[in-house]
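structure.json, holding JSON, C-alpha atoms:
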[["chain", "number", "residue", "atom", "x", "y", "z"],
["A", 1341, "MET", "CA", 23.78, 5.62, -7.87],
["A", 1342, "ALA", "CA", 20.78, 3.28, -7.54],
["A", 1343, "LYS", "CA", 17.20, 4.24, -6.81],
["A", 1344, "PRO", "CA", 16.23, 3.79, -3.13],
["A", 1345, "VAL", "CA", 14.36, 0.56, -2.33],
["A", 1346, "THR", "CA", 12.57, -0.34, 0.88],
["A", 1347, "LEU", "CA", 10.70, -3.39, 2.18],
["A", 1348, "VAL", "CA", 7.06, -2.62, 2.95],
["A", 1349, "THR", "CA", 4.72, -4.84, 4.98],
["A", 1350, "PHE", "CA", 1.01, -4.75, 4.19],
["A", 1351, "VAL", "CA", -1.15, -5.68, 7.20],
["A", 1352, "LEU", "CA", -4.52, -6.95, 6.01],
["A", 1353, "PRO", "CA", -7.96, -7.36, 7.58],
["A", 1354, "THR", "CA", -9.32, -10.89, 7.95],
["A", 1355, "PRO", "CA", -11.64, -10.72, 4.89],
["A", 1356, "LEU", "CA", -8.57, -10.29, 2.64],
["A", 1357, "HIS", "CA", -6.44, -13.08, 4.15],
["A", 1358, "ASN", "CA", -7.77, -15.64, 1.67],
["A", 1359, "LEU", "CA", -6.27, -13.66, -1.23],
["A", 1360, "VAL", "CA", -2.71, -14.04, 0.04],
["A", 1361, "GLY", "CA", -2.77, -16.93, 2.51],
["A", 1362, "GLY", "CA", -2.48, -14.83, 5.65],
["A", 1363, "GLY", "CA", -2.57, -11.37, 7.17],
["A", 1364, "LEU", "CA", 0.82, -10.01, 6.07],
["A", 1365, "VAL", "CA", 2.36, -9.41, 2.65],
["A", 1366, "GLN", "CA", 5.82, -7.96, 2.10],
["A", 1367, "VAL", "CA", 6.87, -6.21, -1.10],
["A", 1368, "PHE", "CA", 9.65, -3.90, -2.20],
["A", 1369, "ALA", "CA", 8.88, -0.29, -3.06],
["A", 1370, "VAL", "CA", 11.26, 1.41, -5.48],
["A", 1371, "ALA", "CA", 11.65, 5.19, -5.72],
["A", 1372, "GLU", "CA", 11.08, 6.91, -9.06],
["A", 1373, "THR", "CA", 14.45, 8.69, -8.98],
["A", 1374, "GLU", "CA", 17.74, 8.42, -7.13],
["A", 1375, "GLU", "CA", 16.84, 11.51, -5.08],
["A", 1376, "SER", "CA", 13.29, 10.56, -4.08],
["A", 1377, "LEU", "CA", 11.81, 8.17, -1.52],
["A", 1378, "PRO", "CA", 9.74, 5.12, -2.38],
["A", 1379, "THR", "CA", 6.00, 5.78, -2.23],
["A", 1380, "LEU", "CA", 2.82, 3.92, -1.41],
["A", 1381, "GLY", "CA", 2.06, 3.97, -5.14],
["A", 1382, "SER", "CA", 5.29, 2.14, -5.95],
["A", 1383, "ALA", "CA", 4.56, -0.44, -3.23],
["A", 1384, "LEU", "CA", 1.09, -0.98, -4.70],
["A", 1385, "ASP", "CA", 2.61, -1.33, -8.18],
["A", 1386, "THR", "CA", 4.76, -4.18, -6.87],
["A", 1387, "LEU", "CA", 1.73, -5.65, -5.07],
["A", 1388, "ARG", "CA", -0.14, -5.65, -8.41],
["A", 1389, "ARG", "CA", 2.60, -7.86, -9.90],
["A", 1390, "THR", "CA", 2.81, -10.26, -6.94],
["A", 1391, "HIS", "CA", -0.82, -10.32, -5.72],
["A", 1392, "PRO", "CA", -3.06, -8.81, -8.42],
["A", 1393, "ARG", "CA", -6.35, -9.88, -6.79],
["A", 1394, "LEU", "CA", -5.40, -8.11, -3.57],
["A", 1395, "GLU", "CA", -4.30, -4.94, -5.33],
["A", 1396, "GLU", "CA", -7.63, -4.85, -7.19],
["A", 1397, "ARG", "CA", -9.41, -4.74, -3.82],
["A", 1398, "ILE", "CA", -7.35, -1.72, -2.73],
["A", 1399, "ARG", "CA", -7.25, 0.37, -5.93],
["A", 1400, "ASP", "CA", -10.03, 1.16, -8.37],
["A", 1401, "GLU", "CA", -9.92, 1.01, -12.17],
["A", 1402, "HIS", "CA", -8.29, 4.47, -12.24],
["A", 1403, "GLY", "CA", -5.46, 3.38, -9.92],
["A", 1404, "GLU", "CA", -6.74, 5.39, -6.94],
["A", 1405, "ILE", "CA", -7.41, 3.98, -3.47],
["A", 1406, "ARG", "CA", -10.99, 2.78, -3.32],
["A", 1407, "ARG", "CA", -13.35, 5.12, -1.54],
["A", 1408, "HIS", "CA", -14.44, 2.49, 1.00],
["A", 1409, "ILE", "CA", -10.86, 1.47, 1.90],
["A", 1410, "ASN", "CA", -8.70, 3.25, 4.47],
["A", 1411, "VAL", "CA", -4.94, 2.93, 4.18],
["A", 1412, "PHE", "CA", -2.46, 3.96, 6.86],
["A", 1413, "VAL", "CA", 1.31, 4.18, 6.36],
["A", 1414, "SER", "CA", 3.18, 3.97, 9.66],
["A", 1415, "GLY", "CA", 0.09, 5.25, 11.47],
["A", 1416, "ASP", "CA", -0.77, 8.13, 9.09],
["A", 1417, "ASN", "CA", -3.92, 8.09, 6.97],
["A", 1418, "VAL", "CA", -2.68, 8.37, 3.39],
["A", 1419, "ARG", "CA", -5.58, 10.65, 2.49],
["A", 1420, "ASN", "CA", -3.85, 13.24, 4.71],
["A", 1421, "CYS", "CA", -0.24, 12.67, 3.58],
["A", 1422, "GLY", "CA", -0.22, 12.63, -0.20],
["A", 1423, "GLY", "CA", -2.28, 9.58, -1.13],
["A", 1424, "LEU", "CA", -0.34, 7.34, -3.48],
["A", 1425, "ARG", "CA", 2.60, 9.75, -3.24],
["A", 1426, "CYS", "CA", 2.86, 9.17, 0.52],
["A", 1427, "PRO", "CA", 6.48, 8.20, 1.24],
["A", 1428, "VAL", "CA", 7.21, 4.78, 2.71],
["A", 1429, "GLY", "CA", 10.36, 4.56, 4.79],
["A", 1430, "PRO", "CA", 12.42, 1.49, 5.66],
["A", 1431, "GLY", "CA", 10.31, -1.08, 7.47],
["A", 1432, "ALA", "CA", 7.05, 0.79, 6.81],
["A", 1433, "GLU", "CA", 3.84, -0.97, 7.73],
["A", 1434, "VAL", "CA", 0.82, -0.30, 5.55],
["A", 1435, "TYR", "CA", -2.51, -1.08, 7.21],
["A", 1436, "VAL", "CA", -5.42, -1.74, 4.87],
["A", 1437, "LEU", "CA", -8.79, -1.36, 6.59],
["A", 1438, "PRO", "CA", -12.35, -1.42, 5.32],
["A", 1439, "GLY", "CA", -14.25, 1.81, 5.84],
["A", 1440, "LEU", "CA", -16.83, 1.93, 8.61],
["A", 1441, "PRO", "CA", -20.37, 2.88, 7.67],
["A", 1442, "ALA", "CA", -21.50, 6.30, 8.86],
["A", 1443, "GLY", "CA", -24.30, 6.37, 11.29]]
Representation of the structure as structure tokens:
Amino acid sequence: MAKPVTLVTFVLPTPLHNLVGGGLVQVFAVAETEESLPTLGSALDTLRRTHPRLEERIRDEHGEIRRHINVFVSGDNVRNCGGLRCPVGPGAEVYVLPGLPAG
């Protein structure tokens, strides 16, 4: 049996549009095993291969989501649902948003 694969759409803020030629990027996320679901981390791994400059803006040099970036998978903040291990289901939309300054 094959590993599950799903199409993920990244929705980007205007300052990142120039890196990909628009506000949406679609990539495939592949699960690690036949029994698991694809994750945000696997979607970002694919994004690194297709749009490396964009992925560098989302993840730091350690592969973690940058502190000043907020990422939502299907409406859930990934910091509250497993981070890079957050599952991405079929048709998932991943919103990438810059953090807002406190104050």
Pull the closest atom pair for each residue of region 1375-1419 of chain A that gets at most 10 Å from region 1352-1371 of chain A, along with the distance in Å to one decimal, counting all atoms listed in the file, ordering rows by chain and then ascending residue number, as a Markdown table.
| residue | atom | partner | partner_atom | distance |
| --- | --- | --- | --- | --- |
| A:Glu1375 | CA | A:Ala1371 | CA | 8.2 |
| A:Ser1376 | CA | A:Ala1371 | CA | 5.8 |
| A:Leu1377 | CA | A:Ala1371 | CA | 5.2 |
| A:Pro1378 | CA | A:Ala1371 | CA | 3.8 |
| A:Thr1379 | CA | A:Ala1371 | CA | 6.7 |
| A:Leu1380 | CA | A:Ala1369 | CA | 7.6 |
| A:Gly1381 | CA | A:Ala1369 | CA | 8.3 |
| A:Ser1382 | CA | A:Ala1369 | CA | 5.2 |
| A:Ala1383 | CA | A:Ala1369 | CA | 4.3 |
| A:Leu1384 | CA | A:Ala1369 | CA | 8.0 |
| A:Asp1385 | CA | A:Ala1369 | CA | 8.2 |
| A:Thr1386 | CA | A:Val1367 | CA | 6.5 |
| A:Leu1387 | CA | A:Val1367 | CA | 6.5 |
| A:Arg1389 | CA | A:Val1367 | CA | 9.9 |
| A:Thr1390 | CA | A:Val1367 | CA | 8.2 |
| A:His1391 | CA | A:Val1360 | CA | 7.1 |
| A:Pro1392 | CA | A:Leu1359 | CA | 9.2 |
| A:Arg1393 | CA | A:Leu1359 | CA | 6.7 |
| A:Leu1394 | CA | A:Leu1359 | CA | 6.1 |
| A:Glu1395 | CA | A:Leu1359 | CA | 9.8 |
| A:Arg1397 | CA | A:Leu1356 | CA | 8.6 |
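Residue nearest Val1418 (chain A), chosen from A:Arg1388, A:Tyr1435, A:Met1341, A:Gly1403 and counting only C-alpha atoms: A:Tyr1435.
Closest approach to Ile1405 (chain A) among A:Val1348, A:Leu1424, A:Ala1342, A:Leu1437 is made by A:Leu1424 (distances from only C-alpha atoms).
Pairwise distance (CA of Val1351 (chain A), CA of Pro1430 (chain A)) equals 15.4 Å.
For the residues A:Arg1425, A:Phe1350, A:Ile1398, A:Val1436, ranking by smallest atom-to-atom distance to Phe1412 (chain A) using all atoms listed in the file places A:Val1436 first.
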To one decimal place, how far is CA of Pro1427 (chain A) from CA of Gly1439 (chain A) in Å?
->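 Result for CA of Pro1427 (chain A) versus CA of Gly1439 (chain A): 22.2 Å, one decimal.
The space between CA of Ile1409 (chain A) and CA of Thr1346 (chain A) spans 23.5 Å.
If only C-alpha atoms are the atoms counted, then among A:Gly1423, A:Glu1433, A:Val1428, A:Val1345 the closest residue to Asn1410 (chain A) is A:Gly1423.
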Nearest-residue call for Arg1419 (chain A), choices A:Glu1396, A:Arg1407, A:Thr1349, A:Thr1373, using only C-alpha atoms =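 Smallest distance to Arg1419 (chain A) is found for A:Arg1407.
Distances from A:Gly1422, A:Glu1372, A:Ala1432, A:Pro1344 to Glu1404 (chain A) were compared using all atoms listed in the file, and the smallest one belongs to A:Gly1422.
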Please define a box with edges along x, y and z of the file around all atoms of region 1355-1367 of chain A given in the file, extend it by 4 Å on each side, and return its centre and edge lengths in Å to one decimal, as JSON.
{"center_x": -2.4, "center_y": -11.6, "center_z": 3.0, "size_x": 26.5, "size_y": 18.7, "size_z": 16.4}
